[in-house]
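Shown here: work26.txt, compact mmCIF, C-alpha atoms.
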```
# COMPACT_ATOMS: atom_id res chain seq x y z
CA MET A 1 100.01 116.12 55.16
CA PRO A 2 99.78 112.78 57.02
CA GLU A 3 102.94 110.68 56.72
CA HIS A 4 103.03 106.91 56.62
CA THR A 5 106.19 104.81 56.80
CA SER A 6 104.53 101.86 55.07
CA ALA A 7 101.15 101.11 53.55
CA LEU A 8 99.02 98.52 51.80
CA LEU A 9 96.49 99.71 49.24
CA ILE A 10 93.54 97.70 47.96
CA SER A 11 90.35 98.45 46.05
CA ASP A 12 87.50 96.91 44.08
CA LEU A 13 86.88 93.90 46.30
CA HIS A 14 83.18 94.18 45.47
CA LEU A 15 82.35 92.21 48.60
CA THR A 16 78.98 90.47 48.52
CA PRO A 17 77.59 87.35 50.21
CA SER A 18 77.45 85.68 46.79
CA MET A 19 81.28 85.74 46.58
CA PRO A 20 82.28 83.89 49.77
CA LEU A 21 85.84 82.99 48.71
CA THR A 22 86.64 86.61 47.92
CA ALA A 23 85.21 87.67 51.28
CA GLN A 24 87.22 84.99 53.07
CA ARG A 25 90.39 86.22 51.36
CA PHE A 26 89.64 89.69 52.68
CA PHE A 27 89.16 88.36 56.22
CA ASP A 28 92.47 86.48 55.96
CA PHE A 29 94.17 89.56 54.54
CA VAL A 30 92.98 91.59 57.53
CA GLU A 31 94.16 88.96 59.98
CA LYS A 32 97.48 87.90 58.47
CA GLU A 33 98.86 90.40 55.99
CA THR A 34 98.28 93.76 57.59
CA ASN A 35 100.35 93.30 60.74
CA ASP A 36 103.58 94.93 59.64
CA VAL A 37 102.34 98.09 57.94
CA GLU A 38 101.44 101.43 59.42
CA SER A 39 98.40 102.09 57.25
CA VAL A 40 95.87 100.38 55.01
CA PHE A 41 94.08 102.33 52.29
CA ILE A 42 90.88 101.02 50.74
CA LEU A 43 90.34 102.99 47.54
CA GLY A 44 86.67 102.34 46.98
CA ASP A 45 84.27 99.59 45.93
CA LEU A 46 84.92 97.58 49.05
CA PHE A 47 81.31 96.46 48.65
CA GLU A 48 79.47 95.41 45.50
CA TYR A 49 76.77 97.89 46.43
CA TRP A 50 75.64 99.99 49.36
CA VAL A 51 72.17 101.46 49.70
CA GLY A 52 72.57 102.99 53.15
CA ASP A 53 74.14 102.26 56.53
CA ASP A 54 70.73 101.20 57.86
CA ALA A 55 70.59 98.40 55.28
CA GLY A 56 74.11 97.32 56.24
CA ALA A 57 73.09 97.15 59.89
CA ARG A 58 70.52 94.48 58.95
CA SER A 59 72.82 92.37 56.82
CA PRO A 60 74.77 89.67 58.71
CA PHE A 61 77.36 89.69 55.93
CA GLN A 62 77.99 93.41 56.19
CA GLN A 63 78.17 93.10 59.98
CA GLU A 64 80.85 90.46 59.51
CA VAL A 65 82.84 92.79 57.24
CA LEU A 66 82.30 95.59 59.76
CA ARG A 67 83.75 93.44 62.54
CA ALA A 68 86.78 92.63 60.38
CA LEU A 69 87.29 96.34 59.64
CA PHE A 70 86.99 97.17 63.33
CA ALA A 71 89.64 94.56 64.13
CA LEU A 72 91.83 95.94 61.33
CA SER A 73 91.52 99.55 62.42
CA SER A 74 92.29 98.50 66.01
CA LYS A 75 95.85 97.66 64.99
CA THR A 76 96.46 99.57 61.74
CA LYS A 77 95.39 103.01 60.60
CA THR A 78 92.67 102.35 58.05
CA TYR A 79 91.57 104.85 55.42
CA TYR A 80 88.75 104.66 52.95
CA ILE A 81 87.82 106.48 49.76
CA HIS A 82 84.32 106.12 48.32
CA GLY A 83 83.96 104.04 45.14
CA ASN A 84 81.27 104.22 42.50
CA ARG A 85 79.45 101.25 44.06
CA ASP A 86 79.67 102.10 47.74
CA PHE A 87 79.73 105.90 47.76
CA LEU A 88 76.72 105.88 50.10
CA ILE A 89 78.76 104.42 52.94
CA GLY A 90 78.01 106.97 55.64
CA GLN A 91 79.25 108.26 58.96
CA ASP A 92 77.55 105.54 60.97
CA PHE A 93 79.37 102.71 59.19
CA LEU A 94 82.65 104.63 59.04
CA LYS A 95 82.57 105.37 62.74
CA ARG A 96 81.91 101.76 63.75
CA SER A 97 84.53 100.43 61.34
CA GLY A 98 87.13 102.80 62.73
CA MET A 99 88.03 103.80 59.17
CA GLN A 100 88.84 107.38 58.32
CA LEU A 101 87.18 108.75 55.20
CA LEU A 102 89.45 110.59 52.79
CA PRO A 103 88.26 112.83 49.97
CA ASP A 104 88.70 111.60 46.40
CA PRO A 105 91.38 112.47 45.33
CA SER A 106 93.74 112.89 48.29
CA LYS A 107 97.45 113.48 48.58
CA VAL A 108 99.33 111.36 51.12
CA MET A 109 102.97 110.86 52.05
CA ILE A 110 104.04 107.20 52.08
CA ALA A 111 107.63 106.08 52.71
CA GLY A 112 108.91 109.55 51.94
CA ASP A 113 107.13 110.08 48.62
CA GLU A 114 103.98 112.01 47.79
CA TRP A 115 101.17 110.00 46.26
CA VAL A 116 97.81 111.05 44.91
CA ILE A 117 95.21 108.37 45.64
CA SER A 118 91.78 108.10 44.06
CA HIS A 119 89.10 105.55 43.31
CA GLY A 120 89.54 106.45 39.65
CA ASP A 121 86.04 106.68 38.22
CA ALA A 122 86.28 110.48 38.02
CA LEU A 123 89.31 110.04 35.74
CA CYS A 124 87.34 108.09 33.10
CA THR A 125 86.42 111.30 31.33
CA ASN A 126 85.75 109.67 27.95
CA ASP A 127 82.55 108.27 29.40
CA LEU A 128 80.57 111.49 29.40
CA SER A 129 77.22 109.94 30.31
CA TYR A 130 78.82 108.30 33.37
CA GLN A 131 80.42 111.58 34.44
CA VAL A 132 77.03 113.30 34.24
CA PHE A 133 75.49 110.46 36.25
CA ARG A 134 78.33 110.73 38.76
CA THR A 135 77.90 114.46 39.38
CA TRP A 136 74.23 113.80 40.09
CA VAL A 137 74.58 110.86 42.45
CA ARG A 138 77.33 112.59 44.40
CA LYS A 139 75.05 115.53 45.21
CA PRO A 140 74.43 115.44 48.99
CA TRP A 141 70.81 116.57 48.71
CA LEU A 142 69.99 113.82 46.23
CA GLN A 143 71.71 111.25 48.45
CA LYS A 144 69.67 112.50 51.42
CA LEU A 145 66.46 112.07 49.44
CA PHE A 146 67.49 108.60 48.28
CA LEU A 147 68.33 107.48 51.82
CA ARG A 148 64.80 108.47 52.91
CA LEU A 149 63.21 106.04 50.49
CA PRO A 150 62.01 102.71 51.85
CA LEU A 151 64.78 100.12 51.85
CA ASP A 152 63.12 97.88 49.26
CA TRP A 153 62.87 100.79 46.80
CA ARG A 154 66.51 101.64 47.31
CA ARG A 155 67.53 98.02 46.73
CA GLY A 156 65.37 97.96 43.59
CA ILE A 157 66.88 101.15 42.22
CA ALA A 158 70.41 99.93 42.94
CA ARG A 159 69.67 96.58 41.26
CA THR A 160 68.27 98.31 38.14
CA LEU A 161 71.27 100.64 37.92
CA ARG A 162 73.71 97.74 38.31
CA SER A 163 72.05 95.50 35.76
CA ASN A 164 71.70 98.38 33.27
CA SER A 165 75.35 99.26 33.58
CA THR A 166 76.41 95.59 33.37
CA ALA A 167 74.25 95.05 30.28
CA LYS A 168 75.58 98.23 28.70
CA TYR A 169 79.15 97.23 29.46
CA GLU A 170 78.72 93.69 28.13
CA ARG A 171 77.08 94.95 24.96
CA ALA A 172 79.86 97.44 24.41
CA ALA A 173 82.58 94.89 25.19
CA ARG A 174 81.08 92.47 22.68
CA TYR A 175 80.19 94.75 19.77
CA THR A 176 82.43 97.77 20.23
CA PRO A 177 85.40 96.63 22.32
CA ASP A 178 87.43 99.67 21.29
CA VAL A 179 84.76 102.01 22.59
CA ALA A 180 84.43 99.95 25.80
CA ARG A 181 88.17 100.21 26.40
CA TYR A 182 88.13 103.89 25.54
CA LYS A 183 85.31 104.64 27.95
CA GLY A 184 86.27 102.21 30.68
CA ASP A 185 89.78 103.48 31.26
CA VAL A 186 91.15 106.68 32.69
CA THR A 187 92.26 109.37 30.25
CA LEU A 188 95.73 110.79 29.95
CA VAL A 189 94.31 114.31 30.08
CA ALA A 190 92.45 113.68 33.34
CA CYS A 191 95.55 112.14 34.95
CA ALA A 192 97.82 114.93 33.69
CA ASN A 193 95.39 117.48 35.03
CA LEU A 194 95.25 115.76 38.43
CA MET A 195 99.04 115.48 38.64
CA GLY A 196 99.31 119.16 37.72
CA VAL A 197 96.77 120.32 40.30
CA TYR A 198 98.43 118.30 43.06
CA GLY A 199 101.99 118.95 41.89
CA SER A 200 102.64 115.22 42.16
CA GLU A 201 104.39 112.53 40.12
CA ARG A 202 102.75 109.45 41.57
CA LEU A 203 99.18 108.27 41.24
CA ILE A 204 97.35 105.21 42.54
CA HIS A 205 93.78 104.33 41.61
CA GLY A 206 91.45 101.38 41.16
CA HIS A 207 88.09 101.18 39.41
CA THR A 208 89.23 100.14 35.92
CA HIS A 209 90.17 96.55 36.90
CA LEU A 210 93.27 96.94 34.73
CA PRO A 211 96.11 96.44 37.21
CA ALA A 212 99.41 97.68 35.83
CA ARG A 213 102.18 100.13 36.39
CA HIS A 214 102.37 102.93 33.83
CA HIS A 215 104.94 105.56 33.15
CA GLU A 216 103.11 108.43 31.47
CA SER A 217 103.81 111.94 30.32
CA MET A 218 102.07 114.88 28.78
CA GLY A 219 104.10 117.87 27.68
CA SER A 220 106.83 118.29 30.24
CA LYS A 221 104.83 116.55 32.99
CA GLU A 222 105.78 112.97 33.82
CA TRP A 223 104.27 110.60 36.34
CA GLN A 224 103.97 107.01 37.51
CA ARG A 225 100.49 105.53 37.59
CA TYR A 226 99.74 102.36 39.56
CA VAL A 227 96.38 100.68 38.99
CA LEU A 228 95.00 98.37 41.67
CA SER A 229 93.46 95.02 40.83
CA ASP A 230 89.87 94.00 41.52
CA TRP A 231 89.33 90.84 43.56
CA ASP A 232 87.45 87.78 42.35
CA LEU A 233 88.14 84.28 43.63
CA ASP A 234 84.62 82.97 43.12
CA HIS A 235 84.33 82.55 39.35
CA PRO A 236 87.30 80.37 38.35
CA GLU A 237 85.30 79.04 35.38
CA THR A 238 85.16 82.48 33.74
CA VAL A 239 87.73 84.66 35.44
CA LEU A 240 91.25 83.75 36.52
CA PRO A 241 91.27 84.16 40.29
CA LYS A 242 92.61 87.58 41.12
CA ALA A 243 93.33 89.55 44.28
CA SER A 244 96.25 91.78 45.00
CA ALA A 245 97.45 94.66 47.09
CA LEU A 246 99.99 97.35 46.42
CA ARG A 247 102.60 97.61 49.11
CA ILE A 248 104.70 100.73 49.61
CA ASP A 249 107.52 100.83 52.13
CA LEU A 250 111.15 101.85 52.35
CA HIS A 251 112.07 98.99 50.00
CA GLY A 252 109.91 100.47 47.25
CA VAL A 253 106.58 99.78 45.60
CA ARG A 254 105.35 96.31 44.68
CA TYR A 255 102.21 94.35 43.96
CA ILE A 256 101.50 91.48 46.35
CA ASP A 257 99.64 88.64 44.70
CA LEU A 258 97.07 87.49 47.25
CA VAL A 259 95.95 84.55 45.14
CA LYS A 260 99.32 82.80 45.16
CA SER A 261 99.98 83.54 48.80
CA THR A 262 96.84 81.78 50.07
CA MET B 263 78.94 91.52 92.14
CA PRO B 264 82.50 92.84 92.00
CA SER B 265 82.65 96.55 91.50
CA VAL B 266 85.56 98.67 90.30
CA LEU B 267 86.11 102.41 90.50
CA LEU B 268 88.04 104.14 87.72
CA LYS B 269 89.24 107.56 88.78
CA THR B 270 89.91 109.52 85.59
CA ASN B 271 90.90 113.09 84.93
CA HIS B 272 87.33 113.55 83.61
CA GLY B 273 85.68 112.16 86.76
CA ASP B 274 84.79 108.83 88.38
CA ILE B 275 83.37 105.80 86.58
CA THR B 276 82.01 102.86 88.57
CA LEU B 277 81.88 99.47 86.87
CA GLU B 278 79.74 96.57 87.98
CA LEU B 279 81.24 93.30 86.76
CA ASP B 280 79.26 90.18 85.89
CA ALA B 281 81.33 87.37 87.40
CA ALA B 282 78.50 84.89 86.86
CA LYS B 283 78.31 85.29 83.09
CA ALA B 284 81.90 86.25 82.35
CA PRO B 285 84.03 84.63 85.09
CA LYS B 286 87.32 84.55 83.13
CA SER B 287 87.07 88.10 81.80
CA VAL B 288 86.16 89.43 85.25
CA ALA B 289 88.98 87.54 87.00
CA ASN B 290 91.37 88.83 84.33
CA PHE B 291 90.17 92.44 84.68
CA LEU B 292 90.42 92.28 88.48
CA ALA B 293 93.96 90.90 88.23
CA TYR B 294 94.99 93.98 86.23
CA VAL B 295 93.15 96.29 88.66
CA ASN B 296 94.84 94.66 91.66
CA ASN B 297 98.36 94.69 90.21
CA GLY B 298 98.04 98.41 89.45
CA HIS B 299 98.28 97.92 85.67
CA TYR B 300 95.54 100.39 84.82
CA ASP B 301 96.90 103.23 86.96
CA GLY B 302 98.25 105.86 84.60
CA THR B 303 96.88 104.26 81.44
CA ILE B 304 94.86 106.31 78.99
CA PHE B 305 91.76 105.99 76.87
CA HIS B 306 93.73 105.94 73.60
CA ARG B 307 90.93 105.25 71.13
CA VAL B 308 87.82 107.37 71.36
CA ILE B 309 85.12 107.27 68.69
CA ASN B 310 82.10 109.40 69.46
CA ASN B 311 78.80 107.51 69.47
CA PHE B 312 80.65 104.20 69.23
CA MET B 313 83.04 103.37 72.06
CA ILE B 314 85.97 104.50 74.19
CA GLN B 315 88.90 102.10 74.48
CA GLY B 316 91.74 102.10 76.95
CA GLY B 317 93.73 100.25 79.56
CA GLY B 318 96.76 99.33 77.46
CA MET B 319 98.79 102.47 76.83
CA THR B 320 100.33 105.16 78.96
CA ALA B 321 100.60 108.82 77.94
CA GLY B 322 102.69 109.15 74.79
CA MET B 323 101.11 105.94 73.40
CA LYS B 324 103.52 103.59 75.11
CA GLN B 325 102.20 100.03 75.33
CA LYS B 326 102.35 98.40 78.75
CA PRO B 327 103.35 94.75 79.16
CA THR B 328 100.41 92.43 79.80
CA LEU B 329 99.54 89.03 81.25
CA ASP B 330 98.52 86.10 79.02
CA GLU B 331 95.74 86.26 76.45
CA ILE B 332 92.38 85.01 77.67
CA GLU B 333 89.53 82.97 76.27
CA ASN B 334 86.75 84.95 74.59
CA GLU B 335 83.50 84.80 76.56
CA ALA B 336 81.40 86.65 74.00
CA ASN B 337 79.01 83.71 73.81
CA ASN B 338 77.68 84.44 77.31
CA GLY B 339 74.53 86.21 76.12
CA LEU B 340 75.61 89.69 77.27
CA LYS B 341 75.18 92.29 74.51
CA ASN B 342 77.39 95.21 73.52
CA ASP B 343 74.77 97.76 74.54
CA ARG B 344 75.30 101.33 75.63
CA GLY B 345 77.06 101.49 78.98
CA THR B 346 78.55 97.99 78.88
CA ILE B 347 82.25 97.18 79.16
CA ALA B 348 83.87 94.58 76.89
CA MET B 349 87.34 93.18 76.26
CA ALA B 350 89.26 94.62 73.30
CA ARG B 351 91.36 92.25 71.19
CA THR B 352 93.04 91.75 67.82
CA SER B 353 91.41 89.86 64.93
CA ASP B 354 92.16 86.61 66.79
CA PRO B 355 89.01 86.09 68.91
CA HIS B 356 90.96 84.76 71.90
CA SER B 357 93.58 87.48 72.14
CA ALA B 358 92.26 89.88 74.79
CA THR B 359 94.70 90.94 77.49
CA ALA B 360 94.35 94.23 79.36
CA GLN B 361 92.62 96.59 76.95
CA PHE B 362 88.90 97.08 77.27
CA PHE B 363 86.28 99.40 75.84
CA ILE B 364 83.07 100.96 77.05
CA ASN B 365 80.25 100.99 74.51
CA VAL B 366 78.62 104.41 74.24
CA ASP B 367 75.93 103.17 71.84
CA ASP B 368 74.22 99.85 71.11
CA ASN B 369 76.81 98.06 68.96
CA ASP B 370 75.01 94.94 67.78
CA PHE B 371 77.71 94.09 65.26
CA LEU B 372 80.13 93.38 68.11
CA ASN B 373 77.90 90.67 69.58
CA HIS B 374 78.65 86.97 69.25
CA SER B 375 76.96 85.39 66.24
CA ALA B 376 78.96 82.22 65.50
CA PRO B 377 82.04 80.40 66.84
CA THR B 378 84.11 81.46 63.82
CA PRO B 379 86.94 84.02 63.62
CA GLN B 380 84.54 86.58 62.10
CA GLY B 381 81.55 85.68 64.24
CA TRP B 382 83.01 85.50 67.72
CA GLY B 383 82.30 89.06 68.67
CA TYR B 384 83.56 90.91 71.73
CA ALA B 385 83.05 89.69 75.30
CA VAL B 386 80.94 91.93 77.50
CA PHE B 387 81.74 91.42 81.20
CA GLY B 388 80.07 94.27 83.02
CA LYS B 389 78.46 97.68 82.86
CA VAL B 390 78.84 101.23 84.02
CA SER B 391 76.74 101.57 87.17
CA ASN B 392 77.70 105.15 87.90
CA GLY B 393 79.44 107.92 85.98
CA MET B 394 77.97 107.42 82.52
CA ASP B 395 78.03 111.23 82.29
CA VAL B 396 81.82 110.99 82.63
CA VAL B 397 81.93 108.41 79.81
CA ASP B 398 79.77 110.71 77.70
CA SER B 399 82.15 113.61 78.31
CA ILE B 400 85.11 111.43 77.28
CA LYS B 401 83.45 110.24 74.06
CA LYS B 402 83.24 113.83 72.83
CA VAL B 403 86.90 114.81 73.22
CA GLN B 404 88.89 116.01 70.23
CA THR B 405 90.89 113.23 68.54
CA GLY B 406 93.59 112.87 65.89
CA ASN B 407 96.33 110.55 64.63
CA ALA B 408 99.26 109.52 66.81
CA GLY B 409 101.90 107.27 65.27
CA TYR B 410 100.25 104.04 64.17
CA HIS B 411 96.95 104.95 65.78
CA GLN B 412 93.79 106.77 64.76
CA ASP B 413 91.15 108.43 66.95
CA VAL B 414 93.62 109.24 69.70
CA PRO B 415 92.49 112.04 72.07
CA THR B 416 94.58 115.14 71.50
CA GLU B 417 94.60 115.74 75.27
CA ASP B 418 95.23 112.64 77.38
CA VAL B 419 92.25 111.02 79.05
CA VAL B 420 93.93 109.30 81.97
CA ILE B 421 92.81 106.55 84.33
CA GLU B 422 94.58 107.89 87.41
CA LYS B 423 93.63 105.00 89.65
CA ALA B 424 91.62 101.80 89.33
CA SER B 425 90.50 100.11 92.52
CA VAL B 426 88.17 97.32 93.62
CA ILE B 427 85.41 98.81 95.79
CA ALA B 428 83.32 95.66 96.32
CA ASP B 429 84.00 91.97 95.92
```
Conversion result in structure tokens:
Amino acid sequence: MPEHTSALLISDLHLTPSMPLTAQRFFDFVEKETNDVESVFILGDLFEYWVGDDAGARSPFQQEVLRALFALSSKTKTYYIHGNRDFLIGQDFLKRSGMQLLPDPSKVMIAGDEWVISHGDALCTNDLSYQVFRTWVRKPWLQKLFLRLPLDWRRGIARTLRSNSTAKYERAARYTPDVARYKGDVTLVACANLMGVYGSERLIHGHTHLPARHHESMGSKEWQRYVLSDWDLDHPETVLPKASALRIDLHGVRYIDLVKST
Amino acid sequence: MPSVLLKTNHGDITLELDAAKAPKSVANFLAYVNNGHYDGTIFHRVINNFMIQGGGMTAGMKQKPTLDEIENEANNGLKNDRGTIAMARTSDPHSATAQFFINVDDNDFLNHSAPTPQGWGYAVFGKVSNGMDVVDSIKKVQTGNAGYHQDVPTEDVVIEKASVIAD
């Protein structure tokens, strides 16, 4: 198992040209806050959406992010796990970014402890229709077919999927908030199962946008669960600016608030 | 055109440097060649179908001391195309010292697009005029992690000697 003396973990930046302040925070993070750690882990949803490396190659914004990642991976080991928005990031982009793709979930050794890291969407097992959707879109043959479609079609399909899921989520949050919470969070059973399979007591994931540290147990199994924050500095009128990273080193585990430290 | 020969343990690579378009980068590179800096350094970052980077570490991933950082000349119109050589750097655009990389594919995203920290790009200052087959053999070597670094060849790819063969 790879060992890391220190690491920063981030996820759910949802980078897009329409959120320039969030993107700028990421560029600053890469330049200023990653110099004294051995490794950086990006646990998915780095981008708001990804419809193929060929589309990225044509987008000046994505090229800018690619350059930042290349600079980051030139000085710091950089690992990436696919999210539910950018799971189509492929070998071409990964190679040029210098990032190393890790399977979801993965077990890594950081500062002497074993951690299981995951994007987290696979742990939201109360949302059955999403899990069915997920098993389909993660099928390599279906992805291959999708990537052969003309770019405009792919963008259209991605847009429809995003707006459907946003509408569905907003409807649920408004009329059935309990159900939305129930479906939008990870389940104890899924986490317990994961911790059992990996024989681990520490879990880090993103996806739910519910940053917090949890101490959980099921039966005799106990574990710590750290949830990473999403980033959004571009909608101060509706959302409190948020951006953070989890730092693990010999001094312990802590969240670093990247909003306050700008 | 200045020309430099890199004798590696995979074979010889000849570089033709563009002193007209990248005077500072070329003068800097030649200074390292002439003071023997590159002798015994390795290609420590090899990513197949992307680029091979070296000139800063010796075997065992030990960093060599360098001269001062130089100005980034990426706005000189030269593109990071296959077979070109460019200066490596940190996220600060003007931080190149000794390390360089050879592009083994067209890497448009490394080209200059704007005079901003994200848009500066990487300064191309020459190209491989002979021995691209050697570069292609290096790009395919087996790599792994070594300390703080990824994509490090498992068997050292060494620049045994760098020398100026034409001024």
Per-residue nearest contacts chain B to chain A, cut-off 12 Å, using only C-alpha atoms, as a tab-separated table:
```
residue	atom	partner	partner_atom	distance
B:His306	CA	A:Ser74	CA	10.7
B:Arg307	CA	A:Ser74	CA	8.6
B:Val308	CA	A:Gly98	CA	9.8
B:Ile309	CA	A:Lys95	CA	6.7
B:Asn310	CA	A:Lys95	CA	7.8
B:Asn311	CA	A:Lys95	CA	8.0
B:Phe312	CA	A:Arg96	CA	6.1
B:Met313	CA	A:Arg96	CA	8.5
B:Ile314	CA	A:Arg96	CA	11.5
B:Gln315	CA	A:Ser74	CA	9.8
B:Gly316	CA	A:Ser74	CA	11.5
B:Ala350	CA	A:Ser74	CA	8.8
B:Arg351	CA	A:Ala71	CA	7.6
B:Thr352	CA	A:Ala71	CA	5.8
B:Ser353	CA	A:Ala71	CA	5.1
B:Asp354	CA	A:Glu31	CA	7.5
B:Pro355	CA	A:Ala71	CA	9.7
B:Ser357	CA	A:Ala71	CA	11.4
B:Ala358	CA	A:Ala71	CA	11.9
B:Gln361	CA	A:Ser74	CA	11.1
B:Phe362	CA	A:Ser74	CA	11.8
B:Phe363	CA	A:Ser74	CA	11.6
B:Asn365	CA	A:Arg96	CA	10.9
B:Val366	CA	A:Arg96	CA	11.3
B:Asp367	CA	A:Arg96	CA	10.2
B:Asp368	CA	A:Arg96	CA	10.8
B:Asn369	CA	A:Arg96	CA	8.2
B:Asp370	CA	A:Ala57	CA	8.4
B:Phe371	CA	A:Gln63	CA	5.4
B:Leu372	CA	A:Arg67	CA	6.6
B:Asn373	CA	A:Arg67	CA	9.6
B:His374	CA	A:Glu64	CA	10.6
B:Ser375	CA	A:Pro60	CA	8.9
B:Ala376	CA	A:Glu64	CA	10.4
B:Thr378	CA	A:Glu64	CA	10.5
B:Pro379	CA	A:Phe27	CA	8.9
B:Gln380	CA	A:Glu64	CA	5.9
B:Gly381	CA	A:Glu64	CA	6.8
B:Trp382	CA	A:Arg67	CA	9.5
B:Gly383	CA	A:Arg67	CA	7.7
B:Tyr384	CA	A:Arg67	CA	9.5
B:Thr405	CA	A:Gln100	CA	12.0
B:Gly406	CA	A:Gln100	CA	10.5
B:Asn407	CA	A:Lys77	CA	8.6
B:Ala408	CA	A:Lys77	CA	9.8
B:Gly409	CA	A:Glu38	CA	8.3
B:Tyr410	CA	A:Glu38	CA	5.5
B:His411	CA	A:Lys77	CA	5.7
B:Gln412	CA	A:Lys77	CA	5.8
B:Asp413	CA	A:Gly98	CA	8.1
B:Val414	CA	A:Lys77	CA	11.2
```
(request) With all atoms listed in the file counted, which protein, DNA or RNA residues have an atom no more than 10 Å from (96.3, 103.3, 77.9) in the file frame? Please answer as a list in words. (result) His299, Tyr300, Asp301, Gly302, Thr303, Ile304, Phe305, His306, Arg307, Gln315, Gly316, Gly317, Gly318, Met319, Thr320, Ala321, Gly322, Met323, Lys324, Gln325, Lys326, Ala360, Gln361, Phe362, Asp418, Val419, Val420 and Ile421 of chain B
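Atom CA of A:Trp223 to atom CA of A:Val40 spans 22.9 Å [interatomic distance, one decimal].
Taking only C-alpha atoms into account, B:Glu333 lies nearest to B:Met349 out of the set B:Met349, B:Val426, B:Leu277, B:Val295.
One finds atom CA of B:His272 at 9.7 Å from atom CA of B:Asp395.
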(request) Pick out the residues sitting within 8 Å of B:Glu278, and hand them over as a list in words; count all atoms listed in the file, and ignore anything fewer than 3 positions along from it in its own chain. (result) Met263, Pro264, Ser265, Val266, Gly388, Lys389, Val390 and Ser391 of chain B
(message) Using only C-alpha atoms, which protein or nucleic acid residues come within 9 Å of stretch 105-110 of chain A? Drop anything in the same chain fewer than 3 positions from it, and give the result as a ChimeraX atom specification.
(response) /A:1-7,81,102,113-120,194,198,200,248-250
(request) For B:Asn297, work out the shell of residues within 10 Å, counting all atoms listed in the file and skipping chain neighbours fewer than 5 positions away, then give it as a ChimeraX atom specification. (result) /B:292,424-425
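The two atoms in question, atom CA of A:Tyr130 and atom CA of A:Lys183, are spaced 9.2 Å apart.
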(request) Pick out the closest residue to A:Asp234 from this set: A:Thr16, A:Asn84, A:Ser11, A:Ser220. Count all atoms listed in the file. (result) A:Thr16
Find the nearest atom pair between each residue of stretch 43-85 of chain A and stretch 149-163 of chain A for residues within 8 Å, count all atoms listed in the file, give distances in Å to one decimal, sort rows by chain and ascending number, and present the table as a Markdown table.
```
| residue | atom | partner | partner_atom | distance |
| --- | --- | --- | --- | --- |
| A:Tyr49 | CA | A:Ala158 | CA | 7.5 |
| A:Val51 | CA | A:Arg154 | CA | 6.1 |
| A:Ala55 | CA | A:Leu151 | CA | 7.0 |
```
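Here the question is which of A:Gly83, A:Gly52, A:Gly44, A:Pro236 gets nearest to A:Arg148 using all atoms listed in the file, and that residue is A:Gly52.
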Fill-in result for stretch 292-303 of chain B, N, CA and C atoms as a PDB file, keeping the file's coordinate frame:
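Writing done, so here's selection.pdb:
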```
ATOM      1  N   LEU B 292      90.090  92.003  87.072  1.00  0.00           N
ATOM      2  CA  LEU B 292      90.420  92.280  88.480  1.00  0.00           C
ATOM      3  C   LEU B 292      91.915  92.081  88.750  1.00  0.00           C
ATOM      4  N   ALA B 293      92.522  91.117  88.063  1.00  0.00           N
ATOM      5  CA  ALA B 293      93.960  90.900  88.230  1.00  0.00           C
ATOM      6  C   ALA B 293      94.735  92.156  87.807  1.00  0.00           C
ATOM      7  N   TYR B 294      94.317  92.750  86.685  1.00  0.00           N
ATOM      8  CA  TYR B 294      94.990  93.980  86.230  1.00  0.00           C
ATOM      9  C   TYR B 294      94.713  95.159  87.175  1.00  0.00           C
ATOM     10  N   VAL B 295      93.473  95.215  87.702  1.00  0.00           N
ATOM     11  CA  VAL B 295      93.150  96.290  88.660  1.00  0.00           C
ATOM     12  C   VAL B 295      94.040  96.144  89.892  1.00  0.00           C
ATOM     13  N   ASN B 296      94.114  94.893  90.403  1.00  0.00           N
ATOM     14  CA  ASN B 296      94.840  94.660  91.660  1.00  0.00           C
ATOM     15  C   ASN B 296      96.347  94.814  91.527  1.00  0.00           C
ATOM     16  N   ASN B 297      96.893  94.519  90.322  1.00  0.00           N
ATOM     17  CA  ASN B 297      98.360  94.690  90.210  1.00  0.00           C
ATOM     18  C   ASN B 297      98.747  96.109  89.767  1.00  0.00           C
ATOM     19  N   GLY B 298      97.745  97.000  89.718  1.00  0.00           N
ATOM     20  CA  GLY B 298      98.040  98.410  89.450  1.00  0.00           C
ATOM     21  C   GLY B 298      98.280  98.721  87.968  1.00  0.00           C
ATOM     22  N   HIS B 299      98.004  97.739  87.096  1.00  0.00           N
ATOM     23  CA  HIS B 299      98.280  97.920  85.670  1.00  0.00           C
ATOM     24  C   HIS B 299      97.587  99.154  85.076  1.00  0.00           C
ATOM     25  N   TYR B 300      96.321  99.333  85.473  1.00  0.00           N
ATOM     26  CA  TYR B 300      95.540 100.390  84.820  1.00  0.00           C
ATOM     27  C   TYR B 300      95.903 101.796  85.290  1.00  0.00           C
ATOM     28  N   ASP B 301      96.569 101.902  86.433  1.00  0.00           N
ATOM     29  CA  ASP B 301      96.900 103.230  86.960  1.00  0.00           C
ATOM     30  C   ASP B 301      97.851 103.941  86.002  1.00  0.00           C
ATOM     31  N   GLY B 302      97.417 105.089  85.518  1.00  0.00           N
ATOM     32  CA  GLY B 302      98.250 105.860  84.600  1.00  0.00           C
ATOM     33  C   GLY B 302      98.058 105.503  83.137  1.00  0.00           C
ATOM     34  N   THR B 303      97.166 104.535  82.867  1.00  0.00           N
ATOM     35  CA  THR B 303      96.880 104.260  81.440  1.00  0.00           C
ATOM     36  C   THR B 303      95.871 105.276  80.925  1.00  0.00           C
TER      37      THR B 303
END
```
